[in-house]
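A.B. asks: One file is attached below, final-v3.cif, containing mmCIF, C-alpha atoms.
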```
data_final
#
loop_
_atom_site.label_atom_id
_atom_site.label_comp_id
_atom_site.auth_asym_id
_atom_site.auth_seq_id
_atom_site.Cartn_x
_atom_site.Cartn_y
_atom_site.Cartn_z
CA MET A 130 24.47 -0.68 19.31
CA THR A 131 26.08 -1.86 16.12
CA THR A 132 23.37 -0.23 14.08
CA GLY A 133 24.51 2.49 11.73
CA ASN A 134 21.64 4.91 12.00
CA PRO A 135 19.56 5.47 15.13
CA MET A 136 18.03 8.35 13.12
CA MET A 137 15.89 5.72 11.38
CA TYR A 138 14.09 4.74 14.56
CA VAL A 139 13.63 8.41 15.50
CA GLY A 140 11.96 8.95 12.13
CA ALA A 141 9.70 5.89 12.37
CA VAL A 142 8.61 6.50 15.97
CA GLY A 143 8.14 10.22 15.26
CA LEU A 144 5.89 9.42 12.30
CA ILE A 145 3.86 7.02 14.48
CA MET A 146 3.47 9.79 17.10
CA ILE A 147 2.36 12.39 14.54
CA GLY A 148 -0.16 9.95 13.07
CA LEU A 149 -1.56 8.97 16.47
CA PHE A 150 -1.85 12.59 17.57
CA THR A 151 -3.66 13.48 14.34
CA VAL A 152 -6.11 10.62 14.88
CA LEU A 153 -6.70 11.58 18.51
CA SER A 154 -6.98 15.35 18.31
CA LYS A 155 -8.39 16.29 14.90
CA ARG A 156 -12.12 16.51 14.30
CA ASN A 157 -12.35 16.23 10.53
CA LEU A 158 -12.91 12.67 9.29
CA ILE A 159 -10.64 13.05 6.23
CA LYS A 160 -7.88 14.43 8.47
CA ILE A 161 -8.29 11.42 10.77
CA ILE A 162 -7.82 9.09 7.78
CA VAL A 163 -4.69 11.08 6.76
CA GLY A 164 -3.41 10.41 10.30
CA LEU A 165 -4.10 6.70 9.83
CA THR A 166 -2.00 6.56 6.66
CA LEU A 167 0.86 8.40 8.44
CA LEU A 168 0.64 5.83 11.26
CA ASP A 169 0.69 3.03 8.69
CA THR A 170 3.84 4.39 7.01
CA GLY A 171 5.56 4.82 10.37
CA VAL A 172 4.86 1.24 11.48
CA ASN A 173 6.10 -0.14 8.14
CA LEU A 174 9.28 1.93 8.41
CA LEU A 175 9.89 0.69 11.96
CA LEU A 176 9.48 -2.97 10.92
CA VAL A 177 11.89 -2.68 7.99
CA ALA A 178 14.38 -0.73 10.16
CA ILE A 179 14.39 -3.55 12.72
CA GLY A 180 15.39 -6.03 10.01
CA TYR A 181 18.18 -3.82 8.66
CA ILE A 182 21.79 -4.70 9.41
CA HIS A 183 24.59 -2.29 8.61
CA ASN A 184 26.80 -3.00 5.57
CA ARG A 185 24.67 -5.82 4.19
CA THR A 186 22.91 -6.08 0.85
CA ALA A 187 19.30 -6.60 -0.21
CA PRO A 188 18.09 -10.24 -0.04
CA ILE A 189 18.23 -10.74 -3.81
CA LEU A 190 20.83 -12.93 -5.47
CA THR A 191 22.52 -11.23 -8.40
CA GLN A 192 25.02 -13.99 -9.18
CA ALA A 193 25.06 -17.70 -8.51
CA HIS A 194 27.74 -17.55 -5.82
CA ALA A 195 26.53 -14.59 -3.79
CA ASP A 196 27.01 -15.00 -0.07
CA PRO A 197 23.70 -15.28 1.79
CA SER A 198 25.33 -14.34 5.10
CA LYS A 199 25.89 -10.81 3.75
CA MET A 200 22.16 -10.06 3.38
CA VAL A 201 19.59 -8.30 5.53
CA ASP A 202 16.57 -10.04 7.08
CA PRO A 203 13.94 -10.83 4.38
CA VAL A 204 11.05 -11.66 6.77
CA PRO A 205 10.04 -8.07 7.78
CA GLN A 206 10.25 -7.00 4.14
CA ALA A 207 7.84 -9.76 3.14
CA LEU A 208 5.43 -8.72 5.91
CA VAL A 209 5.58 -5.01 5.04
CA LEU A 210 5.11 -5.68 1.31
CA THR A 211 1.61 -7.05 1.84
CA ALA A 212 0.82 -4.60 4.67
CA ILE A 213 1.25 -1.63 2.30
CA VAL A 214 -1.24 -3.03 -0.22
CA ILE A 215 -3.76 -3.85 2.50
CA GLY A 216 -3.26 -0.34 3.92
CA LEU A 217 -4.50 1.09 0.61
CA GLY A 218 -7.58 -1.15 0.71
CA VAL A 219 -8.39 -0.12 4.28
CA THR A 220 -7.86 3.58 3.48
CA ALA A 221 -10.18 3.35 0.48
CA LEU A 222 -12.87 1.63 2.59
CA ALA A 223 -12.58 4.33 5.28
CA LEU A 224 -12.86 7.07 2.65
CA ALA A 225 -15.97 5.43 1.18
CA LEU A 226 -17.50 5.45 4.68
CA ALA A 227 -16.55 9.14 5.07
CA ILE A 228 -18.22 10.00 1.76
CA ARG A 229 -21.39 8.21 2.88
CA VAL A 230 -21.31 10.00 6.28
CA TYR A 231 -21.01 13.32 4.46
CA GLY A 232 -23.98 12.42 2.29
CA HIS A 233 -26.10 11.73 5.37
CA TYR A 234 -25.04 14.50 7.79
CA LYS A 235 -23.66 17.11 5.28
CA THR A 236 -20.61 17.56 7.50
CA LEU A 237 -17.38 15.73 8.33
CA ASP A 238 -17.05 17.24 11.82
CA THR A 239 -17.13 14.49 14.44
CA ARG A 240 -18.67 16.90 17.00
CA LYS A 241 -21.78 17.23 14.85
CA ILE A 242 -22.19 13.58 13.97
CA ARG A 243 -24.27 11.74 16.52
CA GLY A 244 -22.58 8.53 17.60
CA LEU A 245 -19.04 9.75 16.89
CA LYS A 246 -18.67 12.16 19.83
CA TRP A 247 -16.21 11.73 22.61
CA MET B 10 -9.82 18.54 27.92
CA ARG B 11 -9.62 16.65 24.66
CA ALA B 12 -6.05 17.79 23.98
CA PHE B 13 -5.08 16.77 27.52
CA VAL B 14 -6.55 13.29 27.06
CA SER B 15 -4.82 12.97 23.68
CA PHE B 16 -1.49 14.03 25.15
CA SER B 17 -1.74 11.64 28.08
CA VAL B 18 -2.64 8.71 25.82
CA LEU B 19 0.27 9.67 23.57
CA ALA B 20 2.67 9.90 26.52
CA LEU B 21 1.55 6.47 27.68
CA ILE B 22 2.21 5.02 24.23
CA VAL B 23 5.62 6.75 23.97
CA VAL B 24 6.71 5.29 27.32
CA GLY B 25 5.45 1.83 26.35
CA LEU B 26 7.16 1.93 22.95
CA ALA B 27 10.43 3.17 24.45
CA LEU B 28 10.41 0.47 27.13
CA SER B 29 9.67 -2.32 24.66
CA LEU B 30 11.96 -1.08 21.88
CA SER B 31 14.92 -0.78 24.23
CA HIS B 32 14.85 -4.58 24.58
CA VAL B 33 14.93 -5.23 20.82
CA PRO B 34 18.48 -5.99 19.67
CA PHE B 35 18.50 -3.58 16.74
CA GLY B 36 20.93 -4.25 13.95
CA LYS B 37 22.48 -7.28 15.66
CA ASP B 38 22.23 -10.59 13.90
CA ARG B 39 19.20 -12.03 12.18
CA MET B 40 16.66 -14.38 13.61
CA GLN B 41 17.21 -18.10 13.11
CA VAL B 42 14.25 -18.41 10.77
CA ALA B 43 15.74 -15.69 8.57
CA ASN B 44 19.06 -17.54 8.58
CA TYR B 45 17.28 -20.67 7.41
CA TYR B 46 15.43 -18.79 4.66
CA LEU B 47 18.63 -17.15 3.42
CA ASP B 48 20.73 -20.30 3.49
CA HIS B 49 18.18 -22.72 2.01
CA GLY B 50 15.85 -20.38 0.10
CA VAL B 51 17.34 -20.80 -3.36
CA ALA B 52 17.75 -24.56 -3.00
CA ASP B 53 14.19 -24.99 -1.69
CA THR B 54 12.31 -22.72 -4.08
CA GLY B 55 14.57 -21.79 -7.02
CA ALA B 56 13.63 -18.10 -6.65
CA THR B 57 16.62 -15.75 -6.51
CA ASN B 58 14.55 -12.95 -4.97
CA LEU B 59 14.36 -14.26 -1.40
CA VAL B 60 11.52 -11.91 -0.43
CA THR B 61 9.45 -13.62 -3.11
CA ALA B 62 10.54 -17.00 -1.74
CA VAL B 63 9.21 -16.01 1.70
CA VAL B 64 5.98 -14.47 0.37
CA LEU B 65 5.05 -17.28 -2.03
CA ASN B 66 6.68 -20.42 -0.74
CA TYR B 67 7.24 -20.42 3.00
CA ARG B 68 4.30 -18.15 3.80
CA ALA B 69 2.04 -18.60 0.77
CA LEU B 70 -1.03 -19.40 2.88
CA ASP B 71 -0.68 -16.01 4.64
CA THR B 72 -0.48 -14.36 1.21
CA LEU B 73 -3.75 -16.04 0.22
CA GLY B 74 -5.32 -14.62 3.38
CA GLU B 75 -3.98 -11.14 2.66
CA VAL B 76 -5.32 -11.20 -0.90
CA THR B 77 -8.67 -12.19 0.60
CA VAL B 78 -8.55 -9.20 2.98
CA LEU B 79 -7.93 -6.89 0.02
CA PHE B 80 -10.82 -8.50 -1.87
CA ILE B 81 -13.18 -7.96 1.07
CA ALA B 82 -12.06 -4.32 1.41
CA SER B 83 -12.76 -3.61 -2.27
CA LEU B 84 -16.10 -5.47 -2.01
CA GLY B 85 -17.08 -3.32 0.99
CA LEU B 86 -16.10 -0.16 -0.87
CA GLY B 87 -18.26 -1.14 -3.82
CA VAL B 88 -21.21 -1.88 -1.53
CA PHE B 89 -20.91 1.42 0.37
CA LEU B 90 -20.49 3.57 -2.71
CA SER B 91 -23.28 2.03 -4.76
CA TRP B 92 -25.86 2.01 -1.97
CA PRO B 93 -28.44 3.59 -1.96
CA LYS B 94 -29.18 3.24 -5.67
CA LYS B 95 -28.34 6.20 -7.89
CA LYS B 96 -31.17 8.13 -9.44
CA GLU B 97 -31.17 8.74 -13.18
CA GLY B 98 -29.72 12.10 -14.19
CA THR B 99 -27.49 12.71 -11.18
CA GLN B 100 -24.92 10.47 -12.83
CA GLU B 101 -24.85 12.59 -16.00
CA GLU B 102 -24.57 15.74 -13.94
CA GLY B 103 -21.55 14.44 -12.06
CA LYS B 104 -19.81 13.49 -15.28
CA ARG B 105 -19.69 17.01 -16.72
CA GLU B 106 -18.33 18.82 -13.65
CA LEU B 107 -14.84 19.33 -15.03
CA PRO B 108 -13.74 20.87 -18.34
CA GLU B 109 -12.24 18.51 -20.90
CA ALA B 110 -8.46 18.08 -20.68
CA SER B 111 -6.30 19.40 -23.50
CA LEU B 112 -5.44 17.34 -26.57
CA ILE B 113 -1.87 16.72 -25.41
CA VAL B 114 -2.98 15.32 -22.05
CA ARG B 115 -5.64 13.11 -23.63
CA ARG B 116 -3.45 11.68 -26.40
CA GLY B 117 -0.45 11.41 -24.09
CA SER B 118 -2.35 9.36 -21.53
CA GLN B 119 -3.77 7.12 -24.27
CA PHE B 120 -0.26 6.62 -25.65
CA LEU B 121 1.25 5.82 -22.26
CA PHE B 122 -1.55 3.47 -21.13
CA PRO B 123 -0.40 0.25 -22.94
CA LEU B 124 3.24 0.94 -22.05
CA ILE B 125 2.42 1.19 -18.33
CA ILE B 126 0.34 -2.02 -18.52
CA LEU B 127 3.30 -3.74 -20.22
CA PHE B 128 5.66 -2.50 -17.50
CA GLY B 129 3.33 -3.81 -14.78
CA GLY B 130 3.24 -7.20 -16.51
CA TYR B 131 7.03 -7.22 -16.72
CA ILE B 132 7.28 -6.46 -12.99
CA PHE B 133 5.07 -9.34 -11.90
CA LEU B 134 6.42 -11.87 -14.44
CA HIS B 135 9.99 -11.30 -13.18
CA GLY B 136 8.98 -11.20 -9.53
CA HIS B 137 11.07 -14.27 -8.67
CA LEU B 138 14.25 -12.90 -10.27
CA THR B 139 14.40 -9.14 -9.71
CA PRO B 140 12.86 -6.69 -7.21
CA GLY B 141 9.14 -6.53 -7.81
CA GLY B 142 6.28 -8.96 -7.92
CA GLY B 143 2.54 -9.29 -8.02
CA PHE B 144 1.68 -6.59 -5.51
CA GLN B 145 3.93 -3.96 -7.12
CA GLY B 146 2.98 -4.92 -10.68
CA GLY B 147 -0.71 -4.85 -9.80
CA SER B 148 -0.45 -1.37 -8.37
CA VAL B 149 1.43 -0.16 -11.46
CA ILE B 150 -1.41 -1.54 -13.63
CA ALA B 151 -3.95 0.25 -11.44
CA SER B 152 -2.00 3.51 -11.83
CA ALA B 153 -2.34 3.11 -15.63
CA PHE B 154 -6.15 3.04 -15.23
CA LEU B 155 -5.89 6.04 -12.89
CA LEU B 156 -3.99 7.93 -15.62
CA MET B 157 -6.78 7.16 -18.12
CA PHE B 158 -9.42 8.40 -15.67
CA LEU B 159 -7.48 11.63 -15.05
CA GLY B 160 -6.70 12.34 -18.69
CA ASN B 161 -10.01 11.47 -20.32
CA ASN B 162 -13.18 12.90 -18.89
CA ALA B 163 -15.47 10.50 -20.70
CA TYR B 164 -13.44 7.39 -19.86
CA ARG B 165 -15.53 4.66 -18.28
CA LEU B 166 -14.23 1.28 -17.20
CA ARG B 167 -16.33 -1.77 -18.01
CA HIS B 168 -16.63 -3.73 -14.79
CA THR B 169 -17.41 -7.19 -16.19
CA PRO B 170 -13.90 -7.92 -17.58
CA LEU B 171 -12.40 -6.73 -14.29
CA THR B 172 -14.62 -9.04 -12.26
CA VAL B 173 -13.88 -11.98 -14.55
CA THR B 174 -10.11 -11.37 -14.37
CA GLU B 175 -10.22 -11.10 -10.61
CA SER B 176 -12.27 -14.26 -10.16
CA LEU B 177 -10.13 -16.29 -12.57
CA ALA B 178 -6.92 -15.15 -10.87
CA GLY B 179 -8.25 -16.08 -7.44
CA ILE B 180 -9.43 -19.48 -8.71
CA THR B 181 -6.01 -20.07 -10.31
CA PHE B 182 -4.26 -19.44 -6.98
CA VAL B 183 -6.50 -21.88 -5.10
CA VAL B 184 -6.43 -24.54 -7.84
CA VAL B 185 -2.60 -24.47 -8.01
CA GLY B 186 -2.59 -24.87 -4.24
CA LEU B 187 -4.99 -27.80 -4.40
CA ILE B 188 -2.94 -29.53 -7.13
CA GLY B 189 0.02 -29.17 -4.79
CA LEU B 190 -2.06 -30.78 -2.05
CA GLY B 191 -2.87 -33.71 -4.35
CA VAL B 192 0.66 -34.19 -5.73
CA GLY B 193 2.94 -33.37 -2.83
CA GLY B 194 0.82 -33.80 0.27
CA TYR B 195 0.38 -30.21 1.47
CA PHE B 196 -1.43 -27.09 0.28
CA LEU B 197 0.56 -24.88 -2.15
CA ASN B 198 3.30 -27.45 -2.59
CA ASN B 199 5.85 -26.34 -5.20
CA PHE B 200 5.32 -29.34 -7.49
CA LEU B 201 6.78 -28.06 -10.78
CA PRO B 202 10.52 -28.48 -11.56
CA LYS B 203 12.73 -25.72 -10.15
CA GLY B 204 14.56 -25.09 -13.44
CA SER B 205 17.88 -23.29 -13.67
CA MET B 206 18.62 -20.13 -11.72
CA PHE B 207 18.12 -16.69 -13.35
CA SER B 208 15.84 -17.97 -16.14
CA LEU B 209 12.23 -16.86 -16.53
CA PHE B 210 10.80 -20.40 -16.36
CA SER B 211 12.24 -21.38 -13.03
CA ALA B 212 11.10 -21.61 -9.41
CA GLY B 213 8.21 -23.99 -10.15
CA VAL B 214 4.77 -22.55 -9.44
CA ILE B 215 6.00 -19.18 -8.13
CA PRO B 216 5.69 -17.28 -11.48
CA ILE B 217 2.16 -18.68 -11.95
CA LEU B 218 1.10 -17.67 -8.44
CA TYR B 219 2.68 -14.21 -8.69
CA SER B 220 1.04 -13.58 -12.08
CA ALA B 221 -2.31 -14.55 -10.55
CA ILE B 222 -1.69 -12.18 -7.62
CA GLY B 223 -0.60 -9.42 -10.01
CA LEU B 224 -3.77 -9.70 -12.12
CA LYS B 225 -5.96 -9.94 -9.02
CA VAL B 226 -4.41 -6.96 -7.23
CA GLY B 227 -4.42 -4.92 -10.45
CA ALA B 228 -8.10 -5.67 -11.08
CA GLU B 229 -9.06 -4.93 -7.46
CA LEU B 230 -7.19 -1.62 -7.20
CA SER B 231 -8.49 -0.54 -10.64
CA GLY B 232 -11.97 -1.39 -9.43
CA ILE B 233 -11.44 0.73 -6.29
CA VAL B 234 -10.27 3.71 -8.39
CA ALA B 235 -13.17 3.30 -10.83
CA ASN B 236 -15.72 3.04 -8.03
CA MET B 237 -14.38 6.20 -6.39
CA PHE B 238 -14.52 8.11 -9.69
CA GLU B 239 -17.99 6.91 -10.65
CA SER B 240 -19.71 7.41 -7.30
CA ARG B 241 -21.95 10.43 -7.29
CA SER B 242 -20.90 13.65 -5.64
CA GLU B 243 -22.49 14.46 -2.29
CA ARG B 244 -22.21 18.22 -2.62
CA MET C 243 24.52 8.34 6.69
CA ILE C 244 24.05 12.10 6.46
CA TYR C 245 21.50 11.48 3.68
CA ILE C 246 19.41 9.35 6.02
CA ALA C 247 19.42 12.09 8.67
CA ILE C 248 18.39 14.77 6.18
CA LEU C 249 15.65 12.59 4.67
CA THR C 250 14.31 11.66 8.12
CA VAL C 251 14.09 15.30 9.21
CA ALA C 252 12.39 16.24 5.92
CA MET C 253 9.91 13.37 6.39
CA LEU C 254 9.03 14.49 9.91
CA ILE C 255 8.56 18.09 8.73
CA ALA C 256 6.22 16.89 5.98
CA GLY C 257 4.29 14.83 8.56
CA LEU C 258 3.88 17.88 10.82
CA ALA C 259 2.74 19.87 7.78
CA ALA C 260 0.10 17.21 7.14
CA TYR C 261 -1.09 17.76 10.72
CA PHE C 262 -1.17 21.57 10.62
CA PHE C 263 -2.57 22.40 7.16
CA ARG C 264 -6.21 23.47 7.20
CA ASP C 265 -6.55 22.91 3.47
CA LEU C 266 -7.17 19.17 3.11
CA ILE C 267 -5.66 18.99 -0.40
CA ALA C 268 -2.41 20.48 0.96
CA ALA C 269 -2.45 18.01 3.86
CA VAL C 270 -2.87 15.09 1.44
CA VAL C 271 0.00 16.35 -0.72
CA ALA C 272 2.18 16.56 2.40
CA CYS C 273 1.14 12.97 3.19
CA ALA C 274 2.24 11.96 -0.33
CA ALA C 275 5.61 13.64 0.31
CA VAL C 276 5.96 11.55 3.49
CA SER C 277 5.30 8.38 1.47
CA LEU C 278 7.76 9.38 -1.25
CA ILE C 279 10.57 10.07 1.25
CA ALA C 280 9.68 6.84 3.06
CA SER C 281 10.11 4.90 -0.18
CA VAL C 282 13.59 6.40 -0.63
CA LEU C 283 14.35 5.39 2.97
CA PHE C 284 13.13 1.84 2.26
CA TYR C 285 15.56 1.72 -0.64
CA LEU C 286 18.40 2.92 1.59
CA LEU C 287 17.41 0.22 4.12
CA GLN C 288 18.09 -2.42 1.42
CA ALA C 289 14.43 -3.22 0.79
CA PRO C 290 13.86 -2.53 -2.96
CA ASP C 291 10.65 -4.60 -3.10
CA VAL C 292 9.03 -2.53 -0.38
CA ALA C 293 10.33 0.70 -1.93
CA MET C 294 8.57 -0.11 -5.22
CA ALA C 295 5.28 -0.89 -3.48
CA GLU C 296 5.44 2.24 -1.34
CA ALA C 297 6.25 4.50 -4.31
CA ALA C 298 3.44 3.13 -6.46
CA ILE C 299 0.80 2.86 -3.75
CA GLY C 300 1.66 5.36 -1.01
CA ALA C 301 2.66 8.24 -3.23
CA GLY C 302 0.42 7.47 -6.22
CA LEU C 303 -2.85 5.65 -5.66
CA THR C 304 -3.52 6.74 -2.05
CA THR C 305 -3.15 10.42 -2.97
CA ALA C 306 -5.47 10.05 -5.95
CA ILE C 307 -8.14 8.32 -3.85
CA PHE C 308 -7.90 11.03 -1.16
CA VAL C 309 -8.25 13.80 -3.73
CA ILE C 310 -11.34 12.17 -5.26
CA ALA C 311 -12.90 11.79 -1.80
CA ILE C 312 -12.14 15.44 -0.93
CA ARG C 313 -13.71 16.57 -4.21
CA LYS C 314 -16.87 14.69 -3.30
CA THR C 315 -17.05 16.17 0.22
CA GLY C 316 -15.65 19.45 1.53
CA ARG C 317 -12.20 20.91 0.90
CA TYR C 318 -11.54 22.93 4.06
CA GLU C 319 -11.30 21.71 7.63
CA LYS C 320 -13.30 24.01 9.86
#
```
Taking this structure as input, can you express it in the form of structure tokens?
C.D. replies:
Amino acid sequence: MTTGNPMMYVGAVGLIMIGLFTVLSKRNLIKIIVGLTLLDTGVNLLLVAIGYIHNRTAPILTQAHADPSKMVDPVPQALVLTAIVIGLGVTALALALAIRVYGHYKTLDTRKIRGLKW
Amino acid sequence: MRAFVSFSVLALIVVGLALSLSHVPFGKDRMQVANYYLDHGVADTGATNLVTAVVLNYRALDTLGEVTVLFIASLGLGVFLSWPKKKEGTQEEGKRELPEASLIVRRGSQFLFPLIILFGGYIFLHGHLTPGGGFQGGSVIASAFLLMFLGNNAYRLRHTPLTVTESLAGITFVVVGLIGLGVGGYFLNNFLPKGSMFSLFSAGVIPILYSAIGLKVGAELSGIVANMFESRSER
Amino acid sequence: MIYIAILTVAMLIAGLAAYFFRDLIAAVVACAAVSLIASVLFYLLQAPDVAMAEAAIGAGLTTAIFVIAIRKTGRYEK
């Protein structure tokens, strides 16, 4: 492994695990959505960490003769950039659904909401 | 029982991730497509920020799809929060829940509001030269509206200008793409001159497209924040 | 490199805090801390564009939207 920091992947995969476990084991709808945002952050971190190469610079030219072979991979960064913004939209939509569910059932507990039990 | 099922699903996913990630050559060399983008990006697009070159030149059609996803999410939020129709009176009651903020907070947020909008505009206008772009600038603009909502209890956003801005920005994106189709033969062709590197008017249509995305994302996220604030309380 | 290790450990602790807190506002603030540290990590991974988006959206707007939704429903997880 020529990578400088395996700690990065530990962090990203750990965050994915915490998010998944929150989604699977919690019973409060807002807490489940918190787990989804943690999962989102972890996946984004993993994607950017895959594109990172040790001792290279950001893919932005600062002078006309900068060397492009000394830059990290720009493709995962472009993917993650839009994924973050869409993550906010999805979170807001899920929260609007949670508010409506609370208005109907007066609770956010999935055990008491018919149709959300498992 | 539930914790056991959760743990077993989690263990399954951990094993799967470990098995698949151990085959990824982390930190080795880049993919060939990335090599092409880095070597030819500036010559092809004129944008010195190569992330912008990927987002708005090589993969601009994907960006149009992603902006559409965001639009549909904000549309769905508006539909869910405004249905069923509010009764008269409950709206007024929800407005006066909190005490008024102090004079310093109110005046401070009103003073900072135009400066934050200006900063957001700077970020998306220089998206092809420096770090930043339409998505970041749009979210900075939305945070300015969030600051106004937090600092001023009586602040209400008028939704018509937001809708008009959003629609015009979306139409601009598609029309620029269609002009590219007519002039150069494919959708979102970069038909304007590339200009000289490191100047504001360079990189052809990229500043126009990123400004459109910035205005559209800013209007959509501000609309999401405003809808959340103005929906009635369920308690 | 030691910075990355410290930041990663702090991020995982904040994520676990977001799992364990019963007070939903505290959990959301821990989630914002995760996003903030993640944006610093994006910067250290040479991705300044992504770091800006994560700082403005993950730590700012997402937290605000969560707090509004919690104010309109219930604050404590039972």
A.B. asks: To one decimal place in Å, what is the distance between atom CA of B:Gln41 and atom CA of B:Gly193?
C.D. replies: 26.3 Å
A.B. asks: Based on all atoms listed in the file, which of the residues in chain A come within 9 Å of chain B? I want them as JSON, numbers by chain.
C.D. replies: {"A": [130, 131, 132, 133, 142, 146, 149, 150, 153, 154, 178, 179, 180, 181, 182, 183, 188, 189, 190, 191, 192, 193, 196, 197, 198, 200, 201, 202, 203, 204, 206, 207, 208, 210, 211, 212, 214, 215, 216, 217, 218, 219, 221, 222, 223, 224, 225, 226, 228, 229, 231, 232, 233, 235, 247]}
A.B. asks: What is the atom CA of A:Ala195-atom CA of B:Lys203 distance in Å, reported with one decimal?
C.D. replies: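 Separation of atom CA of A:Ala195 and atom CA of B:Lys203: 18.8 Å.
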A.B. asks: For a quick check of understanding, using all atoms listed in the file, which of B:Ala221, B:Ala151, B:Ala235, B:Leu201 has the smallest distance to B:Glu175?
C.D. replies: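 The closest residue to B:Glu175 is B:Ala221.
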A.B. asks: Set out as a Markdown table a contact list for chain C and chain B with a cut-off of 9 Å, giving each residue of chain C that qualifies its closest atom pair and distance in Å to one decimal, counting only C-alpha atoms, ordered by chain and rising residue number.
C.D. replies:
```
| residue | atom | partner | partner_atom | distance |
| --- | --- | --- | --- | --- |
| C:Ala289 | CA | B:Pro140 | CA | 8.9 |
| C:Pro290 | CA | B:Pro140 | CA | 6.0 |
| C:Asp291 | CA | B:Pro140 | CA | 5.1 |
| C:Val292 | CA | B:Gly141 | CA | 8.4 |
| C:Met294 | CA | B:Gln145 | CA | 6.3 |
| C:Ala295 | CA | B:Gln145 | CA | 4.9 |
| C:Glu296 | CA | B:Gln145 | CA | 8.6 |
| C:Ala298 | CA | B:Ser148 | CA | 6.2 |
| C:Ile299 | CA | B:Ser148 | CA | 6.4 |
| C:Gly302 | CA | B:Ser152 | CA | 7.3 |
| C:Leu303 | CA | B:Ser152 | CA | 6.6 |
| C:Ala306 | CA | B:Leu155 | CA | 8.0 |
| C:Ile307 | CA | B:Val234 | CA | 6.8 |
| C:Ile310 | CA | B:Met237 | CA | 6.8 |
| C:Ala311 | CA | B:Met237 | CA | 7.4 |
| C:Arg313 | CA | B:Ser242 | CA | 7.9 |
| C:Lys314 | CA | B:Ser242 | CA | 4.8 |
| C:Thr315 | CA | B:Glu243 | CA | 6.2 |
| C:Gly316 | CA | B:Arg244 | CA | 7.9 |
```
A.B. asks: May I have the selected residues written with C-alpha atoms, as a CSV table (one decimal), in the coordinates of the input?
C.D. replies:
```csv
chain,number,residue,atom,x,y,z
C,289,ALA,CA,14.4,-3.2,0.8
C,290,PRO,CA,13.9,-2.5,-3.0
C,291,ASP,CA,10.6,-4.6,-3.1
C,292,VAL,CA,9.0,-2.5,-0.4
C,294,MET,CA,8.6,-0.1,-5.2
C,295,ALA,CA,5.3,-0.9,-3.5
C,296,GLU,CA,5.4,2.2,-1.3
C,298,ALA,CA,3.4,3.1,-6.5
C,299,ILE,CA,0.8,2.9,-3.8
C,302,GLY,CA,0.4,7.5,-6.2
C,303,LEU,CA,-2.8,5.6,-5.7
C,306,ALA,CA,-5.5,10.0,-6.0
C,307,ILE,CA,-8.1,8.3,-3.8
C,310,ILE,CA,-11.3,12.2,-5.3
C,311,ALA,CA,-12.9,11.8,-1.8
C,313,ARG,CA,-13.7,16.6,-4.2
C,314,LYS,CA,-16.9,14.7,-3.3
C,315,THR,CA,-17.0,16.2,0.2
C,316,GLY,CA,-15.6,19.4,1.5
```
A.B. asks: List, as a ChimeraX atom specification, every residue that the PyMOL selection byres ((chain C and resi 270) around 12) selects in the file provided.
C.D. replies: /A:159-167 /C:256-269,271-277,300-312,317-318
